[in-house]
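Colleague: Have a look at this one before I ask anything.
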Amino acid sequence: MDTLHRDDPAGLLAATEGLRARARTRLRGAGVPLLGFGLLALAAVPIAREAYNFGATGRTITSYPAFAYAEYNHLCVQHGALDSPCVTSDFDGAILRFLAWGVWFVLLPLAWFALARWYRRRGEARGIVPHRSAWLGATAATAVVLTAVVLTLAFADRVPFSLSLLGNDYASPWYMVDIGLLVLGFTERSPLVAGTGLVHAVLLTVLLGESSGGSWLPWLDGPRSKALLLAGLLLVAGLAQWAAERRTPAVSRTVTP
Amino acid sequence: MNVVDDPEEQHPTLALDDTVHQRVRLGILAIAREAESVDFAFLKQELGLTDGNLSRHLKVLEDSGLVAVNKGYAGRRPRTWVTLTTAGAEALARELRALRALVHRLDAAGPPPA
């Protein structure tokens with residue numbers, strides 16, 4: 001409120017904008033979601049093959065339940081040649097992959113819900129409670145986008161090229177995190193957070209799209225290194241955002257009511 | 001009095017609302033705009049006011065229907081939450097528009113003669 005003593009309209013306008021910016025600064029907290037999801041992604045590195053479904057060539061979103069069912073019942077789905085034994089490796093850990101895919105769809109929304117609660121509790125403690133509308137909007141947008149993608153992948157006769165980039169017709173639940181980060185970045189006016197959501201989504205799409213052993217980066221061949229890269233991106237951005245949020249500018253107040 | 005119907009031709013000062021144009025009340029509305037609700041203590045700290053002074057300005061805004069004031073408790077501690085109403089958000093937007101128009105007009109007119 002350093003310029004609110006000025007009577008001229010420009011000064012009043014600048015002071016008002018300054019107050020709004022300061023209030024927004026007090027509401028910021030995107031470093032915590034970035035670090036939280038980064039740590040969650042890091043925890044998934046040891047089971048990256050199942051958790052991210054990298055390099056699962058030839059599977060589709062609709063075939064996963066079928067493969068999981070077949071593996072569960074030891075049903076043979078493919079023979080190498082006529083009268084040869086069943087190719088059990090063809091199951092490809094289908095049960096684990098299917099479960100991991102489904103668990104993320106529960107775990108990630110729960111994580112967002114916990115973060116929303118944290119934002120609210122912190123706001124109540126600080127005396128400035130963030131708008132609920134941004135969170136509701138983000139939830140609605142994410143639900144609509146993901147439902148549309150999953151339904152398109154499952155039922156469309158011809159999948160659009162942009163969607164086929166998802167690779168193996170597999171929609172990763174981690175896009176939920178990316179959409180949320182994009183919305184959070186816009187809400188908190190943080191290019192870093194929105195950019196991280198966008199870069200993570202692009203990277204995830206590229207990594208899902210490439211087949212096993214065909215990496216565009218030789219050192220990135222294998223699910224674990226890919227998962228580590230995704231987790232590292234979130235953690236580095238989270239640390240940078242967290243450091244930025246801690247640098248609260250000192251503001252002098254000279255109000256003459 | 002010659003009334004100009006076209007808002008574009010009106011002098012921006014005509015769009016300034018006396019209730020909102022007061023600097024502290026404008027500050028309260030500006031802060032409340034950014035959040036769902038703001039605590040009395042937070043406003044007091046941000047605006048550097050005394051309890052009595054802030055209460056007086058909040059009363060004016062509440063009586064004009066620009067903010068809603070809700071009193072409650074956090075444990076044993078009494079807390080007063082201030083929420084911007086739809087009318088308050090519109091009044092703030094009008095005020096900021098008028099101020100911007102005024103600044104624009106003053107900039108276009110150039111510096112005052114010495």
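Following the order of the structure tokens, first chain is A, next is B, and so on, with residues numbered from 1 inside each chain and ligands from 1 in the order they appear.
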With only C-alpha atoms considered, list every residue of chain B at most 6 Å from chain A, as a PyMOL selection string.

Modeller: chain B and resi 30-31+35-39+42+99+103

Colleague: Select from chain B everything DSSP, run on the backbone, classes as strand (DSSP E), then give the selection as a PyMOL selection string.

Modeller: chain B and resi 37-39+67-74+77-84

Colleague: Export C-alpha atoms of the chosen residues as a PDB file, in the first residue's frame?

Modeller:
```pdb
ATOM      1  CA  SER B  37     -13.447 -14.199   1.931  1.00  0.00           C
ATOM      2  CA  VAL B  38     -10.977 -12.104   3.887  1.00  0.00           C
ATOM      3  CA  ASP B  39     -10.475 -11.907   7.623  1.00  0.00           C
ATOM      4  CA  VAL B  67     -19.654  -6.525   1.082  1.00  0.00           C
ATOM      5  CA  ALA B  68     -21.171  -9.140   3.394  1.00  0.00           C
ATOM      6  CA  VAL B  69     -19.764  -9.403   6.898  1.00  0.00           C
ATOM      7  CA  ASN B  70     -20.001 -12.722   8.756  1.00  0.00           C
ATOM      8  CA  LYS B  71     -18.916 -13.211  12.339  1.00  0.00           C
ATOM      9  CA  GLY B  72     -17.848 -16.584  13.644  1.00  0.00           C
ATOM     10  CA  TYR B  73     -15.368 -18.371  15.844  1.00  0.00           C
ATOM     11  CA  ALA B  74     -12.171 -20.298  15.166  1.00  0.00           C
ATOM     12  CA  ARG B  77     -11.133 -16.849  18.874  1.00  0.00           C
ATOM     13  CA  PRO B  78     -13.790 -14.621  17.308  1.00  0.00           C
ATOM     14  CA  ARG B  79     -13.264 -14.024  13.604  1.00  0.00           C
ATOM     15  CA  THR B  80     -14.966 -11.664  11.177  1.00  0.00           C
ATOM     16  CA  TRP B  81     -15.013 -12.624   7.514  1.00  0.00           C
ATOM     17  CA  VAL B  82     -15.620 -10.120   4.740  1.00  0.00           C
ATOM     18  CA  THR B  83     -16.983 -11.299   1.385  1.00  0.00           C
ATOM     19  CA  LEU B  84     -17.398  -9.212  -1.732  1.00  0.00           C
TER      20      LEU B  84
END
```

Colleague: Of the candidates A:Leu151, A:Gly36, A:Trp174, A:Ala227, which shows the shortest atom-to-atom distance to Gly102 of chain A, using only C-alpha atoms?

Modeller: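 Comparing A:Leu151, A:Gly36, A:Trp174, A:Ala227 against Gly102 of chain A, the winner is A:Trp174.
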